[in-house]
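Pasting run18.cif here (mmCIF, N, CA and C atoms):
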data_work
#
loop_
_atom_site.group_PDB
_atom_site.id
_atom_site.type_symbol
_atom_site.label_atom_id
_atom_site.label_comp_id
_atom_site.auth_asym_id
_atom_site.auth_seq_id
_atom_site.Cartn_x
_atom_site.Cartn_y
_atom_site.Cartn_z
ATOM 1 N N MET Z 121 68.997 95.718 115.158
ATOM 2 C CA MET Z 121 69.845 96.883 115.170
ATOM 3 C C MET Z 121 69.101 98.037 114.538
ATOM 4 N N LYS Z 122 69.262 99.241 115.132
ATOM 5 C CA LYS Z 122 68.518 100.417 114.680
ATOM 6 C C LYS Z 122 69.248 101.124 113.547
ATOM 7 N N CYS Z 123 68.457 101.611 112.611
ATOM 8 C CA CYS Z 123 68.992 102.392 111.498
ATOM 9 C C CYS Z 123 69.456 103.747 112.026
ATOM 10 N N PRO Z 124 70.665 104.194 111.665
ATOM 11 C CA PRO Z 124 71.127 105.493 112.139
ATOM 12 C C PRO Z 124 70.345 106.673 111.566
ATOM 13 N N LYS Z 125 69.636 106.477 110.450
ATOM 14 C CA LYS Z 125 68.882 107.576 109.836
ATOM 15 C C LYS Z 125 67.455 107.658 110.355
ATOM 16 N N CYS Z 126 66.702 106.536 110.283
ATOM 17 C CA CYS Z 126 65.275 106.586 110.610
ATOM 18 C C CYS Z 126 64.922 105.878 111.915
ATOM 19 N N GLN Z 127 65.889 105.246 112.564
ATOM 20 C CA GLN Z 127 65.704 104.540 113.842
ATOM 21 C C GLN Z 127 64.798 103.319 113.727
ATOM 22 N N PHE Z 128 64.605 102.788 112.525
ATOM 23 C CA PHE Z 128 63.810 101.574 112.338
ATOM 24 C C PHE Z 128 64.607 100.384 112.836
ATOM 25 N N GLU Z 129 63.931 99.449 113.494
ATOM 26 C CA GLU Z 129 64.591 98.258 114.030
ATOM 27 C C GLU Z 129 64.714 97.216 112.919
ATOM 28 N N ASN Z 130 65.960 96.888 112.540
ATOM 29 C CA ASN Z 130 66.243 95.926 111.479
ATOM 30 C C ASN Z 130 66.829 94.646 112.063
ATOM 31 N N ARG Z 131 66.926 93.605 111.228
ATOM 32 C CA ARG Z 131 67.561 92.356 111.650
ATOM 33 C C ARG Z 131 69.046 92.592 111.899
ATOM 34 N N GLU Z 132 69.614 91.806 112.778
ATOM 35 C CA GLU Z 132 71.052 91.876 113.049
ATOM 36 C C GLU Z 132 71.804 91.444 111.796
ATOM 37 N N GLY Z 133 72.817 92.189 111.418
ATOM 38 C CA GLY Z 133 73.628 91.868 110.252
ATOM 39 C C GLY Z 133 73.131 92.470 108.954
ATOM 40 N N SER Z 134 72.073 93.273 108.996
ATOM 41 C CA SER Z 134 71.555 93.898 107.777
ATOM 42 C C SER Z 134 72.559 94.919 107.249
ATOM 43 N N ALA Z 135 72.720 94.970 105.936
ATOM 44 C CA ALA Z 135 73.606 95.952 105.322
ATOM 45 C C ALA Z 135 72.861 97.249 105.010
ATOM 46 N N PHE Z 136 71.550 97.129 104.747
ATOM 47 C CA PHE Z 136 70.735 98.287 104.427
ATOM 48 C C PHE Z 136 69.451 98.235 105.257
ATOM 49 N N CYS Z 137 68.892 99.392 105.536
ATOM 50 C CA CYS Z 137 67.661 99.508 106.324
ATOM 51 C C CYS Z 137 66.461 99.044 105.497
ATOM 52 N N LEU Z 138 65.574 98.284 106.114
ATOM 53 C CA LEU Z 138 64.368 97.821 105.432
ATOM 54 C C LEU Z 138 63.346 98.942 105.247
ATOM 55 N N GLU Z 139 63.421 99.986 106.040
ATOM 56 C CA GLU Z 139 62.451 101.084 105.997
ATOM 57 C C GLU Z 139 62.877 102.194 105.027
ATOM 58 N N CYS Z 140 64.110 102.704 105.163
ATOM 59 C CA CYS Z 140 64.543 103.857 104.355
ATOM 60 C C CYS Z 140 65.608 103.511 103.318
ATOM 61 N N GLY Z 141 66.183 102.315 103.396
ATOM 62 C CA GLY Z 141 67.201 101.911 102.432
ATOM 63 C C GLY Z 141 68.592 102.441 102.713
ATOM 64 N N GLY Z 142 68.788 103.110 103.859
ATOM 65 C CA GLY Z 142 70.100 103.662 104.209
ATOM 66 C C GLY Z 142 71.084 102.574 104.624
ATOM 67 N N ARG Z 143 72.367 102.867 104.471
ATOM 68 C CA ARG Z 143 73.407 101.912 104.873
ATOM 69 C C ARG Z 143 73.414 101.752 106.379
ATOM 70 N N MET Z 144 73.704 100.550 106.837
ATOM 71 C CA MET Z 144 73.693 100.231 108.256
ATOM 72 C C MET Z 144 75.101 100.190 108.843
ATOM 73 N N ASP Z 145 75.983 101.063 108.383
ATOM 74 C CA ASP Z 145 77.344 101.123 108.912
ATOM 75 C C ASP Z 145 77.353 101.871 110.233
ATOM 76 N N LEU Z 146 78.307 101.527 111.088
ATOM 77 C CA LEU Z 146 78.525 102.262 112.324
ATOM 78 C C LEU Z 146 79.477 103.412 112.059
ATOM 79 N N THR Z 147 79.366 104.457 112.831
ATOM 80 C CA THR Z 147 80.295 105.574 112.767
ATOM 81 C C THR Z 147 80.933 105.717 114.136
ATOM 82 N N CYS Z 148 82.257 105.775 114.174
ATOM 83 C CA CYS Z 148 82.974 105.918 115.432
ATOM 84 C C CYS Z 148 82.700 107.308 116.011
ATOM 85 N N PRO Z 149 82.260 107.397 117.281
ATOM 86 C CA PRO Z 149 81.983 108.707 117.853
ATOM 87 C C PRO Z 149 83.225 109.536 118.115
ATOM 88 N N ARG Z 150 84.395 108.901 118.172
ATOM 89 C CA ARG Z 150 85.626 109.637 118.440
ATOM 90 C C ARG Z 150 86.266 110.175 117.168
ATOM 91 N N CYS Z 151 86.434 109.304 116.145
ATOM 92 C CA CYS Z 151 87.160 109.741 114.938
ATOM 93 C C CYS Z 151 86.270 109.841 113.704
ATOM 94 N N ALA Z 152 84.993 109.478 113.819
ATOM 95 C CA ALA Z 152 84.012 109.533 112.734
ATOM 96 C C ALA Z 152 84.335 108.588 111.585
ATOM 97 N N GLY Z 153 85.099 107.539 111.859
ATOM 98 C CA GLY Z 153 85.398 106.534 110.845
ATOM 99 C C GLY Z 153 84.206 105.622 110.616
ATOM 100 N N THR Z 154 84.047 105.117 109.382
ATOM 101 C CA THR Z 154 82.959 104.208 109.046
ATOM 102 C C THR Z 154 83.403 102.782 109.306
ATOM 103 N N LEU Z 155 82.552 102.029 109.996
ATOM 104 C CA LEU Z 155 82.879 100.668 110.398
ATOM 105 C C LEU Z 155 81.729 99.735 110.077
ATOM 106 N N PRO Z 156 82.004 98.427 109.922
ATOM 107 C CA PRO Z 156 80.901 97.490 109.743
ATOM 108 C C PRO Z 156 80.079 97.387 111.023
ATOM 109 N N ALA Z 157 78.825 96.983 110.885
ATOM 110 C CA ALA Z 157 77.922 96.934 112.034
ATOM 111 C C ALA Z 157 78.386 95.958 113.104
ATOM 112 N N SER Z 158 79.180 94.970 112.748
ATOM 113 C CA SER Z 158 79.630 93.967 113.719
ATOM 114 C C SER Z 158 80.867 94.399 114.507
ATOM 115 N N ALA Z 159 81.419 95.573 114.225
ATOM 116 C CA ALA Z 159 82.648 96.033 114.887
ATOM 117 C C ALA Z 159 82.422 96.292 116.367
ATOM 118 N N LYS Z 160 83.398 95.881 117.187
ATOM 119 C CA LYS Z 160 83.355 96.137 118.625
ATOM 120 C C LYS Z 160 84.334 97.235 119.014
ATOM 121 N N PHE Z 161 85.361 97.434 118.184
ATOM 122 C CA PHE Z 161 86.347 98.484 118.394
ATOM 123 C C PHE Z 161 86.597 99.181 117.068
ATOM 124 N N CYS Z 162 86.928 100.454 117.121
ATOM 125 C CA CYS Z 162 87.260 101.214 115.914
ATOM 126 C C CYS Z 162 88.658 100.825 115.457
ATOM 127 N N ASP Z 163 88.820 100.543 114.164
ATOM 128 C CA ASP Z 163 90.145 100.192 113.663
ATOM 129 C C ASP Z 163 90.997 101.419 113.358
ATOM 130 N N GLY Z 164 90.427 102.601 113.488
ATOM 131 C CA GLY Z 164 91.184 103.828 113.259
ATOM 132 C C GLY Z 164 91.777 104.420 114.530
ATOM 133 N N CYS Z 165 90.998 104.378 115.623
ATOM 134 C CA CYS Z 165 91.472 105.000 116.865
ATOM 135 C C CYS Z 165 91.409 104.064 118.068
ATOM 136 N N GLY Z 166 90.817 102.881 117.921
ATOM 137 C CA GLY Z 166 90.758 101.922 119.007
ATOM 138 C C GLY Z 166 89.638 102.164 120.004
ATOM 139 N N HIS Z 167 88.714 103.055 119.700
ATOM 140 C CA HIS Z 167 87.617 103.372 120.618
ATOM 141 C C HIS Z 167 86.717 102.150 120.814
ATOM 142 N N ASP Z 168 86.327 101.896 122.068
ATOM 143 C CA ASP Z 168 85.448 100.784 122.401
ATOM 144 C C ASP Z 168 84.024 101.148 122.014
ATOM 145 N N LEU Z 169 83.472 100.480 121.004
ATOM 146 C CA LEU Z 169 82.130 100.779 120.511
ATOM 147 C C LEU Z 169 81.053 100.096 121.342
ATOM 148 N N ARG Z 170 81.451 99.244 122.288
ATOM 149 C CA ARG Z 170 80.490 98.547 123.135
ATOM 150 C C ARG Z 170 80.062 99.381 124.321
ATOM 151 N N GLU Z 171 80.739 100.498 124.585
ATOM 152 C CA GLU Z 171 80.399 101.352 125.717
ATOM 153 C C GLU Z 171 78.977 101.859 125.576
ATOM 154 N N ALA Z 172 78.310 102.032 126.695
ATOM 155 C CA ALA Z 172 76.953 102.572 126.676
ATOM 156 C C ALA Z 172 76.995 104.004 126.162
ATOM 157 N N LYS Z 173 76.073 104.312 125.273
ATOM 158 C CA LYS Z 173 76.021 105.657 124.709
ATOM 159 C C LYS Z 173 75.282 106.563 125.677
ATOM 160 N N THR Z 174 75.912 107.666 126.020
ATOM 161 C CA THR Z 174 75.274 108.624 126.903
ATOM 162 C C THR Z 174 74.780 109.787 126.070
ATOM 163 N N SER Z 175 73.534 110.132 126.247
ATOM 164 C CA SER Z 175 72.986 111.260 125.502
ATOM 165 C C SER Z 175 73.026 112.496 126.388
ATOM 166 N N THR Z 176 73.447 113.577 125.800
ATOM 167 C CA THR Z 176 73.490 114.834 126.539
ATOM 168 C C THR Z 176 72.223 115.606 126.238
ATOM 169 N N THR Z 177 71.658 116.201 127.266
ATOM 170 C CA THR Z 177 70.448 116.982 127.067
ATOM 171 C C THR Z 177 70.841 118.392 126.640
ATOM 172 N N VAL Z 178 70.086 118.910 125.702
ATOM 173 C CA VAL Z 178 70.349 120.243 125.181
ATOM 174 C C VAL Z 178 69.281 121.173 125.716
ATOM 175 N N ASP Z 179 69.720 122.245 126.360
ATOM 176 C CA ASP Z 179 68.803 123.256 126.879
ATOM 177 C C ASP Z 179 68.869 124.442 125.914
ATOM 178 N N TYR Z 180 67.835 124.598 125.083
ATOM 179 C CA TYR Z 180 67.853 125.627 124.050
ATOM 180 C C TYR Z 180 67.726 127.041 124.604
ATOM 181 N N SER Z 181 67.391 127.184 125.879
ATOM 182 C CA SER Z 181 67.374 128.513 126.483
ATOM 183 C C SER Z 181 68.771 128.934 126.936
ATOM 184 N N GLN Z 182 69.722 128.016 126.924
ATOM 185 C CA GLN Z 182 71.115 128.276 127.307
ATOM 186 C C GLN Z 182 72.016 128.002 126.097
ATOM 187 N N PRO Z 183 72.341 128.999 125.266
ATOM 188 C CA PRO Z 183 73.152 128.751 124.067
ATOM 189 C C PRO Z 183 74.501 128.092 124.356
ATOM 190 N N GLN Z 184 75.084 128.312 125.529
ATOM 191 C CA GLN Z 184 76.380 127.712 125.827
ATOM 192 C C GLN Z 184 76.280 126.191 125.971
ATOM 193 N N SER Z 185 75.063 125.629 126.113
ATOM 194 C CA SER Z 185 74.922 124.182 126.244
ATOM 195 C C SER Z 185 75.050 123.472 124.894
ATOM 196 N N TYR Z 186 74.872 124.190 123.789
ATOM 197 C CA TYR Z 186 74.973 123.546 122.483
ATOM 198 C C TYR Z 186 75.933 124.247 121.519
ATOM 199 N N THR Z 187 76.525 125.369 121.901
ATOM 200 C CA THR Z 187 77.471 126.064 121.039
ATOM 201 C C THR Z 187 78.890 125.598 121.368
ATOM 202 N N PRO Z 188 79.635 125.115 120.359
ATOM 203 C CA PRO Z 188 81.018 124.705 120.623
ATOM 204 C C PRO Z 188 81.847 125.884 121.133
ATOM 205 N N LYS Z 189 82.782 125.604 122.039
ATOM 206 C CA LYS Z 189 83.576 126.648 122.671
ATOM 207 C C LYS Z 189 84.353 127.473 121.646
ATOM 208 N N PHE Z 190 84.958 126.815 120.637
ATOM 209 C CA PHE Z 190 85.746 127.561 119.652
ATOM 210 C C PHE Z 190 84.872 128.547 118.878
ATOM 211 N N LEU Z 191 83.606 128.179 118.614
ATOM 212 C CA LEU Z 191 82.716 129.063 117.884
ATOM 213 C C LEU Z 191 82.260 130.234 118.753
ATOM 214 N N ALA Z 192 81.964 129.960 120.018
ATOM 215 C CA ALA Z 192 81.578 131.031 120.941
ATOM 216 C C ALA Z 192 82.717 132.030 121.109
ATOM 217 N N ASP Z 193 83.956 131.535 121.221
ATOM 218 C CA ASP Z 193 85.113 132.424 121.348
ATOM 219 C C ASP Z 193 85.277 133.289 120.103
ATOM 220 N N LYS Z 194 85.079 132.697 118.916
ATOM 221 C CA LYS Z 194 85.211 133.451 117.668
ATOM 222 C C LYS Z 194 84.132 134.531 117.564
ATOM 223 N N ILE Z 195 82.917 134.197 117.954
ATOM 224 C CA ILE Z 195 81.826 135.176 117.907
ATOM 225 C C ILE Z 195 82.110 136.333 118.855
ATOM 226 N N LEU Z 196 82.555 136.016 120.064
ATOM 227 C CA LEU Z 196 82.845 137.074 121.032
ATOM 228 C C LEU Z 196 84.029 137.930 120.602
ATOM 229 N N LYS Z 197 85.026 137.313 119.968
ATOM 230 C CA LYS Z 197 86.217 138.049 119.531
ATOM 231 C C LYS Z 197 85.905 138.981 118.362
ATOM 232 N N ASP Z 198 85.103 138.502 117.402
ATOM 233 C CA ASP Z 198 84.801 139.275 116.200
ATOM 234 C C ASP Z 198 83.406 139.903 116.258
ATOM 235 N N ARG Z 199 82.947 140.255 117.427
ATOM 236 C CA ARG Z 199 81.593 140.757 117.613
ATOM 237 C C ARG Z 199 81.286 141.971 116.735
ATOM 238 N N SER Z 200 82.219 142.908 116.633
ATOM 239 C CA SER Z 200 81.947 144.139 115.876
ATOM 240 C C SER Z 200 81.761 143.875 114.389
ATOM 241 N N SER Z 201 82.465 142.903 113.827
ATOM 242 C CA SER Z 201 82.332 142.627 112.394
ATOM 243 C C SER Z 201 81.114 141.742 112.096
ATOM 244 N N LEU Z 202 80.483 141.165 113.115
ATOM 245 C CA LEU Z 202 79.330 140.300 112.900
ATOM 246 C C LEU Z 202 77.994 141.004 113.121
ATOM 247 N N GLU Z 203 78.021 142.276 113.477
ATOM 248 C CA GLU Z 203 76.788 142.965 113.825
ATOM 249 C C GLU Z 203 75.845 143.160 112.652
ATOM 250 N N GLY Z 204 76.356 143.279 111.442
ATOM 251 C CA GLY Z 204 75.505 143.435 110.278
ATOM 252 C C GLY Z 204 75.101 144.876 110.037
ATOM 253 N N GLU Z 205 74.056 145.066 109.245
ATOM 254 C CA GLU Z 205 73.587 146.405 108.920
ATOM 255 C C GLU Z 205 72.083 146.390 108.752
ATOM 256 N N ARG Z 206 71.461 147.533 108.860
ATOM 257 C CA ARG Z 206 70.018 147.657 108.694
ATOM 258 C C ARG Z 206 69.735 148.265 107.324
ATOM 259 N N LYS Z 207 68.710 147.719 106.652
ATOM 260 C CA LYS Z 207 68.294 148.231 105.359
ATOM 261 C C LYS Z 207 66.780 148.252 105.315
ATOM 262 N N LEU Z 208 66.257 149.218 104.591
ATOM 263 C CA LEU Z 208 64.822 149.302 104.375
ATOM 264 C C LEU Z 208 64.519 148.533 103.088
ATOM 265 N N VAL Z 209 63.647 147.561 103.166
ATOM 266 C CA VAL Z 209 63.321 146.745 101.996
ATOM 267 C C VAL Z 209 61.814 146.692 101.799
ATOM 268 N N THR Z 210 61.406 146.419 100.571
ATOM 269 C CA THR Z 210 59.998 146.228 100.253
ATOM 270 C C THR Z 210 59.852 144.794 99.773
ATOM 271 N N VAL Z 211 58.882 144.066 100.333
ATOM 272 C CA VAL Z 211 58.658 142.661 99.976
ATOM 273 C C VAL Z 211 57.255 142.517 99.393
ATOM 274 N N LEU Z 212 57.177 141.911 98.223
ATOM 275 C CA LEU Z 212 55.896 141.698 97.576
ATOM 276 C C LEU Z 212 55.571 140.209 97.595
ATOM 277 N N PHE Z 213 54.337 139.900 97.943
ATOM 278 C CA PHE Z 213 53.889 138.497 97.947
ATOM 279 C C PHE Z 213 52.885 138.277 96.846
#

Translate this structure into structure tokens?
Amino acid sequence: MKCPKCQFENREGSAFCLECGGRMDLTCPRCAGTLPASAKFCDGCGHDLREAKTSTTVDYSQPQSYTPKFLADKILKDRSSLEGERKLVTVLF
């Protein structure tokens, strides 16, 4: 089983990662509840943890592919208050 932090392959049933020492708990993708590694279903929401995980590709040239809708709506709604201001500064190194 892979460590959620460092992706190191550990023995089945490990409580901690042999590489980084992180906990080997599962996290439910639906409700974010912490579960033991042997769980097949989430005890908080009933989500099937055996389903194949699908990874979504992120296109960084398209901000709408990775920006949550509620945040994009807030930015567009409050655009005038988010513009900021210009200042002349001197920086010494």

- Item | Non-local contacts of Ala159 in chain Z (8 Å; all atoms listed in the file; under 2 positions in same chain excluded) as a count of residues only | 10

- Could you list as a VMD selection string every residue that has an atom within 12 Å of (62.9, 100.2, 111.5), using the file's coordinates and counting only C-alpha atoms? chain Z and resid 121 to 132 134 136 to 142 144

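CA of Pro149 in chain Z lies 24.9 Å from atom C of Asp193 in chain Z.
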
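The space between atom C of Ile195 in chain Z and CA of Pro183 in chain Z spans 12.8 Å.
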
- Message: Please identify the helix (DSSP H, G or I) residues within chain Z (assignment by DSSP from backbone atoms) and present them as number ranges by chain.
- Response: Z: 183-185, 189-197, 199-202

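All residues of chain Z that DSSP, run on the backbone, classes as strand (DSSP E or B) are Lys122, Glu129, Phe136, Arg143, Leu146, Thr147, Thr154, Leu155, Phe161 and Asp168 of chain Z.
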
Taking N, CA and C atoms for each residue, export the selection above as a short mmCIF file (atom, residue, chain, number, x, y, z; two decimals), in the coordinates of the input.
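Contents of selection25.cif, as written:
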data_model
loop_
_atom_site.label_atom_id
_atom_site.label_comp_id
_atom_site.auth_asym_id
_atom_site.auth_seq_id
_atom_site.Cartn_x
_atom_site.Cartn_y
_atom_site.Cartn_z
N LYS Z 122 69.26 99.24 115.13
CA LYS Z 122 68.52 100.42 114.68
C LYS Z 122 69.25 101.12 113.55
N GLU Z 129 63.93 99.45 113.49
CA GLU Z 129 64.59 98.26 114.03
C GLU Z 129 64.71 97.22 112.92
N PHE Z 136 71.55 97.13 104.75
CA PHE Z 136 70.74 98.29 104.43
C PHE Z 136 69.45 98.24 105.26
N ARG Z 143 72.37 102.87 104.47
CA ARG Z 143 73.41 101.91 104.87
C ARG Z 143 73.41 101.75 106.38
N LEU Z 146 78.31 101.53 111.09
CA LEU Z 146 78.53 102.26 112.32
C LEU Z 146 79.48 103.41 112.06
N THR Z 147 79.37 104.46 112.83
CA THR Z 147 80.30 105.57 112.77
C THR Z 147 80.93 105.72 114.14
N THR Z 154 84.05 105.12 109.38
CA THR Z 154 82.96 104.21 109.05
C THR Z 154 83.40 102.78 109.31
N LEU Z 155 82.55 102.03 110.00
CA LEU Z 155 82.88 100.67 110.40
C LEU Z 155 81.73 99.74 110.08
N PHE Z 161 85.36 97.43 118.18
CA PHE Z 161 86.35 98.48 118.39
C PHE Z 161 86.60 99.18 117.07
N ASP Z 168 86.33 101.90 122.07
CA ASP Z 168 85.45 100.78 122.40
C ASP Z 168 84.02 101.15 122.01
#

- Message: Could you check the closest approach to Thr147 in chain Z for each of Z:Gly133, Z:Tyr180, Z:Cys165, Z:Leu196 and tell me which residue wins, using only C-alpha atoms?
- Response: Z:Cys165

- Query: If you measure from CA of Tyr186 in chain Z to CA of Glu203 in chain Z, what distance in Å do you get, rounded to one decimal?
  - Reply: 21.3 Å
